[in-house]
$ cat data.cif   # mmCIF, C-alpha atoms and all ligand atoms
data_final
loop_
_atom_site.label_atom_id
_atom_site.label_comp_id
_atom_site.auth_asym_id
_atom_site.auth_seq_id
_atom_site.Cartn_x
_atom_site.Cartn_y
_atom_site.Cartn_z
CA MET A 1 22.34 53.50 33.58
CA LEU A 2 24.86 54.54 31.00
CA THR A 3 28.27 56.06 31.36
CA LEU A 4 29.47 59.13 29.53
CA ARG A 5 33.21 59.37 29.72
CA HIS A 6 35.11 62.55 30.37
CA LYS A 7 38.86 62.51 29.76
CA GLU A 8 39.61 61.70 33.41
CA ASP A 9 36.32 60.93 35.10
CA SER A 10 33.18 59.15 34.13
CA PHE A 11 29.66 60.24 34.93
CA LYS A 12 26.60 58.12 35.50
CA ILE A 13 23.51 59.41 33.77
CA ALA A 14 20.11 57.78 34.20
CA VAL A 15 18.51 57.26 30.80
CA PRO A 16 15.33 55.21 30.35
CA HIS A 17 16.08 51.82 28.85
CA SER A 18 13.96 52.41 25.75
CA LEU A 19 16.16 55.36 24.83
CA HIS A 20 19.49 53.60 24.95
CA HIS A 21 19.51 53.43 21.17
CA ILE A 22 19.34 57.23 21.03
CA VAL A 23 21.89 58.17 23.65
CA SER A 24 24.89 56.06 24.44
CA GLN A 25 28.46 56.65 25.37
CA GLU A 26 29.31 56.85 21.67
CA THR A 27 26.46 59.18 20.72
CA LEU A 28 27.94 62.31 22.23
CA GLY A 29 31.50 61.07 22.58
CA PRO A 30 33.59 62.38 25.49
CA VAL A 31 31.78 65.02 27.52
CA THR A 32 33.13 67.68 29.87
CA ALA A 33 32.12 67.82 33.53
CA GLU A 34 29.85 70.79 32.72
CA GLU A 35 28.15 68.94 29.85
CA ALA A 36 27.65 65.85 32.01
CA ARG A 37 25.96 67.99 34.69
CA LEU A 38 23.60 69.49 32.10
CA LEU A 39 22.90 66.12 30.47
CA GLU A 40 21.66 64.81 33.79
CA TYR A 41 18.63 67.09 33.53
CA LEU A 42 17.91 66.60 29.82
CA ASP A 43 14.84 64.55 28.88
CA PHE A 44 15.93 62.76 25.69
CA SER A 45 12.34 61.89 24.84
CA ARG A 46 11.28 65.56 24.64
CA LEU A 47 13.85 67.11 22.34
CA PRO A 48 12.75 69.59 19.67
CA ARG A 49 12.20 68.08 16.22
CA HIS A 50 13.55 71.12 14.40
CA ILE A 51 16.02 73.70 15.74
CA ALA A 52 16.67 76.95 13.89
CA VAL A 53 19.66 79.14 14.76
CA ILE A 54 20.47 82.80 14.13
CA MET A 55 24.26 82.72 14.48
CA ASP A 56 24.90 86.30 15.58
CA GLY A 57 27.84 88.09 17.20
CA ASN A 58 30.82 87.02 15.12
CA GLY A 59 31.82 90.64 14.47
CA ARG A 60 31.60 91.61 18.17
CA TRP A 61 33.56 88.51 19.18
CA ALA A 62 36.38 89.57 16.87
CA GLN A 63 36.19 93.22 17.89
CA LYS A 64 36.61 92.30 21.57
CA ARG A 65 39.87 90.57 20.62
CA HIS A 66 41.07 93.40 18.35
CA LEU A 67 40.80 91.03 15.39
CA PRO A 68 39.26 91.72 11.98
CA ARG A 69 35.51 90.85 11.76
CA VAL A 70 36.24 87.96 9.42
CA ALA A 71 38.22 86.22 12.18
CA GLY A 72 34.90 86.04 14.05
CA HIS A 73 33.24 84.36 11.07
CA ARG A 74 36.06 81.86 10.81
CA SER A 75 35.80 81.07 14.51
CA GLY A 76 32.01 80.78 14.08
CA THR A 77 32.44 77.80 11.77
CA GLN A 78 33.70 75.78 14.78
CA SER A 79 30.45 76.55 16.65
CA ALA A 80 28.50 75.50 13.55
CA ARG A 81 30.42 72.22 13.46
CA THR A 82 29.79 71.49 17.17
CA THR A 83 26.09 72.35 16.89
CA ILE A 84 25.63 70.25 13.75
CA GLU A 85 27.38 67.21 15.17
CA THR A 86 25.66 67.40 18.56
CA CYS A 87 22.18 67.79 17.03
CA ALA A 88 22.80 64.90 14.64
CA ARG A 89 23.96 62.68 17.50
CA LEU A 90 20.91 63.63 19.57
CA HIS A 91 18.77 62.53 16.60
CA ILE A 92 17.25 65.97 16.06
CA GLU A 93 15.31 65.72 12.76
CA ALA A 94 16.17 69.12 11.34
CA LEU A 95 18.65 71.91 12.02
CA THR A 96 18.52 75.17 10.09
CA LEU A 97 21.38 77.69 10.30
CA TYR A 98 21.09 81.30 9.11
CA ALA A 99 24.40 81.90 7.32
CA PHE A 100 23.65 84.81 4.96
CA SER A 101 20.53 86.93 4.67
CA VAL A 102 19.20 88.91 1.71
CA GLU A 103 20.09 92.00 3.79
CA ASN A 104 23.73 90.89 4.24
CA TRP A 105 24.60 92.17 0.72
CA ARG A 106 24.78 95.61 2.40
CA ARG A 107 28.03 94.58 4.12
CA PRO A 108 31.45 95.61 2.74
CA LYS A 109 32.32 93.74 -0.47
CA THR A 110 35.43 92.22 1.12
CA GLU A 111 33.40 90.75 4.00
CA ILE A 112 30.82 89.30 1.58
CA GLU A 113 33.58 87.74 -0.52
CA PHE A 114 35.19 86.30 2.58
CA LEU A 115 31.88 84.80 3.76
CA MET A 116 31.26 83.18 0.35
CA GLN A 117 34.78 81.79 0.29
CA LEU A 118 34.48 80.57 3.87
CA LEU A 119 31.25 78.82 3.04
CA ARG A 120 32.75 77.04 0.03
CA GLU A 121 35.74 75.98 2.11
CA TYR A 122 33.44 74.87 4.92
CA ILE A 123 31.25 72.73 2.64
CA ARG A 124 34.30 70.98 1.25
CA LYS A 125 35.95 70.44 4.62
CA GLU A 126 32.85 69.25 6.45
CA MET A 127 31.71 66.70 3.89
CA PRO A 128 33.26 63.73 5.80
CA LEU A 129 31.56 64.86 9.04
CA LEU A 130 28.21 65.12 7.25
CA GLN A 131 28.58 61.68 5.66
CA LYS A 132 29.79 60.09 8.89
CA ASN A 133 26.74 61.43 10.73
CA ASN A 134 24.28 60.50 7.94
CA ILE A 135 23.30 64.18 7.48
CA ARG A 136 21.38 65.50 4.46
CA LEU A 137 22.60 68.95 3.50
CA ARG A 138 20.35 71.52 1.84
CA PHE A 139 20.43 75.21 1.09
CA LEU A 140 17.48 77.55 1.57
CA GLY A 141 17.14 80.91 -0.12
CA ARG A 142 17.54 82.54 -3.52
CA ILE A 143 20.50 80.34 -4.39
CA ASP A 144 20.23 81.24 -8.10
CA GLU A 145 21.38 84.78 -7.26
CA LEU A 146 24.66 83.63 -5.71
CA PRO A 147 27.99 83.57 -7.58
CA ASP A 148 28.21 80.61 -10.00
CA ALA A 149 30.99 78.88 -8.06
CA VAL A 150 28.96 78.99 -4.83
CA GLN A 151 25.88 77.65 -6.65
CA LYS A 152 27.91 74.78 -8.06
CA ASP A 153 29.37 73.84 -4.66
CA THR A 154 26.00 73.98 -2.91
CA ARG A 155 24.41 71.84 -5.63
CA GLU A 156 27.17 69.23 -5.49
CA ALA A 157 27.18 69.08 -1.69
CA ALA A 158 23.40 68.66 -1.57
CA GLU A 159 23.56 65.90 -4.19
CA ALA A 160 26.40 64.11 -2.39
CA THR A 161 24.34 63.86 0.82
CA ALA A 162 20.87 63.43 -0.73
CA LYS A 163 20.73 59.71 -0.01
CA ASN A 164 21.54 60.07 3.69
CA THR A 165 18.64 59.34 5.99
CA GLY A 166 19.52 61.23 9.18
CA MET A 167 19.17 64.87 10.20
CA VAL A 168 18.33 67.44 7.55
CA LEU A 169 20.82 70.30 7.84
CA SER A 170 19.62 73.40 6.02
CA ILE A 171 21.92 76.35 5.53
CA ALA A 172 19.99 79.53 4.80
CA LEU A 173 21.94 81.48 2.17
CA ASN A 174 20.75 84.67 0.51
CA TYR A 175 17.67 83.95 2.59
CA GLY A 176 14.81 86.26 3.60
CA GLY A 177 11.57 85.18 5.24
CA ARG A 178 9.47 87.68 3.27
CA ALA A 179 11.24 86.74 0.03
CA GLU A 180 10.45 83.09 0.78
CA ILE A 181 6.72 83.83 1.17
CA VAL A 182 6.74 85.87 -2.05
CA ASP A 183 8.54 83.02 -3.85
CA ALA A 184 5.94 80.56 -2.54
CA MET A 185 3.06 82.75 -3.77
CA ASN A 186 4.69 83.16 -7.17
CA ALA A 187 5.22 79.40 -7.40
CA ILE A 188 1.51 78.86 -6.68
CA LEU A 189 0.53 81.43 -9.34
CA ALA A 190 2.90 79.84 -11.88
CA ALA A 191 1.51 76.36 -11.16
CA ARG A 192 -2.05 77.64 -11.60
CA ALA A 193 -1.18 79.40 -14.87
CA ALA A 194 0.47 76.22 -16.19
CA GLN A 195 -2.57 74.17 -15.21
CA THR A 196 -4.94 76.58 -16.99
CA GLN A 197 -2.79 76.43 -20.10
CA THR A 198 -2.76 72.62 -20.15
CA ASN A 199 -6.39 71.82 -19.50
CA GLY A 200 -8.13 75.12 -19.92
CA HIS A 201 -9.18 75.36 -16.29
CA GLY A 202 -7.05 75.76 -13.20
CA HIS A 203 -7.78 76.99 -9.69
CA GLY A 204 -8.41 80.45 -11.20
CA SER A 205 -8.88 82.85 -8.34
CA SER A 206 -9.81 80.34 -5.61
CA PRO A 207 -8.26 81.35 -2.28
CA VAL A 208 -4.80 80.11 -1.37
CA THR A 209 -4.84 78.03 1.83
CA GLU A 210 -2.21 77.94 4.59
CA GLU A 211 -1.45 74.33 3.65
CA GLN A 212 -0.84 75.26 -0.01
CA LEU A 213 1.43 78.11 0.94
CA ALA A 214 3.39 75.96 3.40
CA GLN A 215 3.86 73.32 0.68
CA HIS A 216 5.59 75.91 -1.53
CA LEU A 217 8.03 77.19 1.08
CA TYR A 218 11.71 76.18 0.88
CA THR A 219 11.08 74.04 3.98
CA ALA A 220 8.01 72.26 2.55
CA ASP A 221 8.84 68.78 3.84
CA LEU A 222 10.24 69.78 7.25
CA PRO A 223 8.36 70.19 10.52
CA ASP A 224 8.19 73.81 11.69
CA PRO A 225 11.00 74.75 14.11
CA ASP A 226 10.08 74.08 17.74
CA LEU A 227 13.06 76.05 19.00
CA LEU A 228 14.67 79.20 17.61
CA ILE A 229 18.05 80.04 19.13
CA ARG A 230 19.59 83.48 18.71
CA THR A 231 23.05 84.28 20.04
CA SER A 232 24.52 87.63 21.12
CA GLY A 233 21.48 88.97 22.92
CA GLU A 234 19.47 90.73 20.19
CA MET A 235 15.70 90.34 20.62
CA ARG A 236 14.89 90.14 16.92
CA VAL A 237 13.90 87.45 14.43
CA SER A 238 15.63 89.29 11.55
CA ASN A 239 13.43 88.02 8.70
CA PHE A 240 14.27 84.37 9.49
CA LEU A 241 11.68 81.64 8.79
CA LEU A 242 8.86 84.12 9.44
CA TRP A 243 6.09 81.72 8.48
CA GLN A 244 7.57 78.65 10.12
CA ILE A 245 8.37 80.12 13.57
CA ALA A 246 4.72 80.99 14.30
CA TYR A 247 4.76 78.75 17.41
CA ALA A 248 8.49 78.31 17.99
CA GLU A 249 9.94 78.80 21.46
CA ILE A 250 12.56 81.55 21.25
CA PHE A 251 15.79 81.25 23.20
CA VAL A 252 18.06 84.30 23.20
CA THR A 253 21.48 84.03 24.82
CA GLU A 254 24.08 86.75 25.43
CA THR A 255 26.77 84.29 24.30
CA LEU A 256 28.39 85.39 21.04
CA TRP A 257 28.21 82.78 18.27
CA PRO A 258 31.93 81.81 18.30
CA ASP A 259 31.56 81.06 22.06
CA PHE A 260 28.43 78.95 21.56
CA ASN A 261 29.66 75.48 22.50
CA ARG A 262 27.97 72.19 23.34
CA ALA A 263 27.22 73.21 26.94
CA ARG A 264 25.44 76.36 25.71
CA LEU A 265 23.41 74.23 23.27
CA LEU A 266 22.43 71.86 26.08
CA GLU A 267 21.31 74.89 28.14
CA ALA A 268 19.07 75.98 25.25
CA LEU A 269 17.56 72.50 25.11
CA LEU A 270 16.95 72.48 28.86
CA ASP A 271 15.31 75.90 28.67
CA PHE A 272 13.08 74.60 25.86
CA GLN A 273 12.00 71.70 28.03
CA LYS A 274 10.88 74.09 30.78
CA ARG A 275 8.41 75.84 28.46
CA GLU A 276 4.74 74.96 28.36
CA ARG A 277 3.67 74.78 24.72
CA ARG A 278 0.01 75.58 24.21
CA TYR A 279 -0.31 76.58 20.51
CA GLY A 280 -2.98 79.15 21.32
CA ALA A 281 -4.99 76.84 23.57
CA ILE A 282 -5.25 77.24 27.34
CA ALA A 283 -3.27 75.22 29.86
CA ALA A 284 -4.81 71.85 30.67
CA PRO A 285 -6.89 72.41 33.83
CA PRO A 286 -5.99 70.45 36.95
CA ALA A 287 -8.05 67.23 37.26
CA SER A 288 -10.13 68.72 40.13
CA ALA A 289 -11.16 71.75 38.04
CA ALA A 290 -12.36 69.62 35.15
CA ARG A 291 -15.17 68.08 37.20
C1 LIG B 1 26.39 87.20 12.15
O1 LIG B 1 27.42 87.81 12.90
C2 LIG B 1 26.93 86.14 11.34
C3 LIG B 1 26.89 86.07 9.96
C4 LIG B 1 26.28 87.12 9.12
C5 LIG B 1 27.52 84.99 9.24
C6 LIG B 1 27.36 83.64 9.83
C7 LIG B 1 28.40 82.76 9.26
C8 LIG B 1 29.13 81.87 9.94
C9 LIG B 1 28.96 81.55 11.35
C10 LIG B 1 30.21 81.13 9.27
C11 LIG B 1 29.77 80.17 8.26
C12 LIG B 1 28.66 79.31 8.70
C13 LIG B 1 28.40 78.15 8.13
C14 LIG B 1 27.16 77.39 8.42
C15 LIG B 1 29.34 77.57 7.20
P1 LIG B 1 27.68 89.36 12.70
O2 LIG B 1 28.77 89.53 11.71
O3 LIG B 1 26.40 90.05 12.34
O4 LIG B 1 28.15 89.78 14.13
P2 LIG B 1 27.94 91.21 14.82
O5 LIG B 1 26.45 91.39 14.96
O6 LIG B 1 28.66 91.06 16.12
O7 LIG B 1 28.57 92.22 13.92
#
$ encode --input "data.cif" --output "C-alpha cells" --more "lines below"
Ligand code: FPP
Amino acid sequence: MLTLRHKEDSFKIAVPHSLHHIVSQETLGPVTAEEARLLEYLDFSRLPRHIAVIMDGNGRWAQKRHLPRVAGHRSGTQSARTTIETCARLHIEALTLYAFSVENWRRPKTEIEFLMQLLREYIRKEMPLLQKNNIRLRFLGRIDELPDAVQKDTREAAEATAKNTGMVLSIALNYGGRAEIVDAMNAILAARAAQTQTNGHGHGSSPVTEEQLAQHLYTADLPDPDLLIRTSGEMRVSNFLLWQIAYAEIFVTETLWPDFNRARLLEALLDFQKRERRYGAIAAPPASAAR
C-alpha cells in the first residue's frame, strides 16, 4: 500500500509491490482528491509506451473568455508542462506533442510570430524541469525551414538534454505526416544514390520495405504511439504521425487544451486501458471455444 498525499488528506492506493519503484508518493507529488480517485483504477503495469497529443482548442478557450487567441496558446503551455511532467513521472517512454504543423503557416503572421516566440521562451524556461525529470528533448519536422533563431534554440535544447536517459519528449514543429513520409522516401533514394556512386552498385530499383521506410522517419528509434489524444472534440488526425498511428488507440475529449489537466490525462489513460488491442487479429476465443 502506498500513500499519495493531498494537501489536507491522504489517500491509500493499492499498488503491486513490484511496481513501487515506478509509482511512489514522490513520483506524482501531491495529488487532488479527483486525481487520487482516478489513480485507484489505473493499472501502472499497462501504461502506453508512447503517447502522442494534438493540443487543440487554444483559440476557442481564449475566445470564450474574450481574450486574444494568443492568450490561449500561452495558457496551453501550462497544460504542456503538466502533461510532460506527469508522463515522465509515470515512466512513459515517449511523449510527442504537436506544436506547429506545416499547415499552420496559413495563420496570421502575428500569431505565427507569437507561437515561435512562445516556443523559444518555453524551451528556455522549461530546461530545469526537463533536466530534473531526466527528459530527452527532440524536435520533429522540417526544422531547417524555421527562422534561424528558433533552429538555434531547438538545436541547443536537444543537445543539452541528449545525455538524459528518461522519457523522450518530441515536439513536432513545422511537422506534416505526409511531408515526413516524403522526406523518408527521399532519404532512402539519396542513400541508394550515394551507395551506387561509391561502389558502383546500390539497391537500384529494389522495392522499399515498411521496415526501411520506418527507419527513415523522424521517429525512427521510437515505438509507435499506442495512444493518440486529441483535445477540443474534433474527430480528425490532422496530418499527425500518419504512418506511426496505424494501430494507435484514439482518445478525443471535448476539453480544450488549456483546460487539459492531470485528471483529464489520467482519464485518457484509463480509457486506453479499457480498449482491447487486436492489431488486426481476432479476439482471443474463450478457453471453451478453443477445444
Ligand atoms: C491548436 O489550437 C494549438 C496550436 C496550433 C499551438 C499549440 C501550441 C501550444 C499549446 C503552446 C506551445 C506548446 C509547447 C509544446 C511549447 P488552435 O489555435 O487551433 O485552437 P482553435 O482550434 O480553438 O482555434
$ residues_around --input "data.cif" --residues "A:Ser79" --least-positions-apart "5" --cutoff "7 Å" --atoms "all atoms listed in the file" --output "list of chain:residue names"
A:Trp257, A:Pro258, A:Phe260, A:Asn261
$ closest_atom_pairs --input "data.cif" --of "chain A" --to "ligand LIG 1 (chain B)" --cutoff "6 Å" --atoms "all atoms listed in the file" --output "tab-separated table"
residue	atom	partner	partner_atom	distance
A:Met55	CA	B:LIG1	C2	5.4
A:Asp56	CA	B:LIG1	C1	3.8
A:Gly57	CA	B:LIG1	O6	3.3
A:Asn58	CA	B:LIG1	O4	4.0
A:Gly59	CA	B:LIG1	O6	3.6
A:Arg60	CA	B:LIG1	O6	3.6
A:His73	CA	B:LIG1	C10	4.8
A:Gly76	CA	B:LIG1	C9	4.2
A:Thr77	CA	B:LIG1	C10	4.7
A:Ala80	CA	B:LIG1	C14	5.6
A:Ala99	CA	B:LIG1	C6	4.3
A:Phe100	CA	B:LIG1	C4	5.4
A:Leu119	CA	B:LIG1	C15	4.7
A:Tyr122	CA	B:LIG1	C15	5.4
$ closest_residue --input "data.cif" --among "A:Tyr41, A:Trp243, A:Tyr279, A:Tyr175" --to "A:Leu213" --atoms "only C-alpha atoms"
A:Trp243
$ closest_atom_pairs --input "data.cif" --of "stretch 72-186 of chain A" --to "stretch 216-239 of chain A" --cutoff "9 Å" --atoms "only C-alpha atoms" --output "Markdown table"
| residue | atom | partner | partner_atom | distance |
| --- | --- | --- | --- | --- |
| A:Glu93 | CA | A:Leu222 | CA | 8.5 |
| A:Ala94 | CA | A:Leu222 | CA | 7.2 |
| A:Leu95 | CA | A:Pro225 | CA | 8.4 |
| A:Thr96 | CA | A:Pro225 | CA | 8.5 |
| A:Ser101 | CA | A:Asn239 | CA | 8.2 |
| A:Phe139 | CA | A:Tyr218 | CA | 8.8 |
| A:Leu140 | CA | A:Tyr218 | CA | 6.0 |
| A:Gly141 | CA | A:Tyr218 | CA | 7.3 |
| A:Val168 | CA | A:Leu222 | CA | 8.4 |
| A:Ser170 | CA | A:Thr219 | CA | 8.8 |
| A:Tyr175 | CA | A:Asn239 | CA | 8.5 |
| A:Gly176 | CA | A:Asn239 | CA | 5.6 |
| A:Gly177 | CA | A:Asn239 | CA | 4.8 |
| A:Arg178 | CA | A:Asn239 | CA | 6.7 |
| A:Glu180 | CA | A:Leu217 | CA | 6.4 |
| A:Ile181 | CA | A:Leu217 | CA | 6.8 |
| A:Asp183 | CA | A:Leu217 | CA | 7.7 |
| A:Ala184 | CA | A:His216 | CA | 4.8 |
| A:Met185 | CA | A:His216 | CA | 7.6 |
$ atom_distance --input "data.cif" --atom1 "atom CA of A:Arg106" --atom2 "atom CA of A:Arg142"
16.1 Å
$ atom_distance --input "data.cif" --atom1 "atom CA of A:Arg81" --atom2 "atom CA of A:Leu130"
9.7 Å
$ closest_atom_pairs --input "data.cif" --of "stretch 26-93 of chain A" --to "stretch 108-117 of chain A" --cutoff "10 Å" --atoms "only C-alpha atoms" --output "tab-separated table"
residue	atom	partner	partner_atom	distance
A:Pro68	CA	A:Glu111	CA	9.9
A:Arg69	CA	A:Glu111	CA	8.0
A:Val70	CA	A:Glu111	CA	6.7
A:His73	CA	A:Leu115	CA	7.4
A:Arg74	CA	A:Leu115	CA	8.7
$ atom_distance --input "data.cif" --atom1 "atom CA of A:Leu97" --atom2 "atom CA of A:Val208"
28.8 Å
$ residues_around --input "data.cif" --residues "A:Ile92" --least-positions-apart "6" --cutoff "10 Å" --atoms "all atoms listed in the file" --output "number ranges by chain"
A: 47-51, 84, 86, 166-169
$ residues_near_point --input "data.cif" --point "(16.7, 76.4, 26.2)" --cutoff "9 Å" --atoms "all atoms listed in the file" --output "list in words"
Leu227, Ile229, Glu249, Ile250, Phe251, Val252, Arg264, Leu265, Leu266, Glu267, Ala268, Leu269, Leu270, Asp271, Phe272, Gln273, Lys274 and Arg275 of chain A
$ write_last_selection --input "data.cif" --atoms "C-alpha atoms" --output "CSV table (one decimal), in the coordinates of the input"
chain,number,residue,atom,x,y,z
A,227,LEU,CA,13.1,76.0,19.0
A,229,ILE,CA,18.0,80.0,19.1
A,249,GLU,CA,9.9,78.8,21.5
A,250,ILE,CA,12.6,81.6,21.2
A,251,PHE,CA,15.8,81.2,23.2
A,252,VAL,CA,18.1,84.3,23.2
A,264,ARG,CA,25.4,76.4,25.7
A,265,LEU,CA,23.4,74.2,23.3
A,266,LEU,CA,22.4,71.9,26.1
A,267,GLU,CA,21.3,74.9,28.1
A,268,ALA,CA,19.1,76.0,25.2
A,269,LEU,CA,17.6,72.5,25.1
A,270,LEU,CA,17.0,72.5,28.9
A,271,ASP,CA,15.3,75.9,28.7
A,272,PHE,CA,13.1,74.6,25.9
A,273,GLN,CA,12.0,71.7,28.0
A,274,LYS,CA,10.9,74.1,30.8
A,275,ARG,CA,8.4,75.8,28.5
$ closest_residue --input "data.cif" --among "A:Arg107, A:Arg65, A:Arg138, A:Arg37" --to "A:Gln151" --atoms "all atoms listed in the file"
A:Arg138
$ decode --input "data.cif" --residues "stretch 26-39 of chain A" --atoms "C-alpha atoms" --output "mmCIF file, in the first residue's frame"
data_model
loop_
_atom_site.group_PDB
_atom_site.id
_atom_site.type_symbol
_atom_site.label_atom_id
_atom_site.label_comp_id
_atom_site.auth_asym_id
_atom_site.auth_seq_id
_atom_site.Cartn_x
_atom_site.Cartn_y
_atom_site.Cartn_z
ATOM 1 C CA GLU A 26 7.191 11.299 -4.730
ATOM 2 C CA THR A 27 6.524 10.169 -8.293
ATOM 3 C CA LEU A 28 3.383 12.194 -8.819
ATOM 4 C CA GLY A 29 3.832 14.579 -5.917
ATOM 5 C CA PRO A 30 0.713 15.906 -4.171
ATOM 6 C CA VAL A 31 -2.498 14.770 -5.849
ATOM 7 C CA THR A 32 -6.000 16.216 -5.690
ATOM 8 C CA ALA A 33 -8.953 14.177 -4.424
ATOM 9 C CA GLU A 34 -10.125 13.749 -8.040
ATOM 10 C CA GLU A 35 -6.709 12.514 -9.192
ATOM 11 C CA ALA A 36 -6.481 10.096 -6.266
ATOM 12 C CA ARG A 37 -9.886 8.637 -7.199
ATOM 13 C CA LEU A 38 -8.749 8.124 -10.805
ATOM 14 C CA LEU A 39 -5.380 6.706 -9.767
#
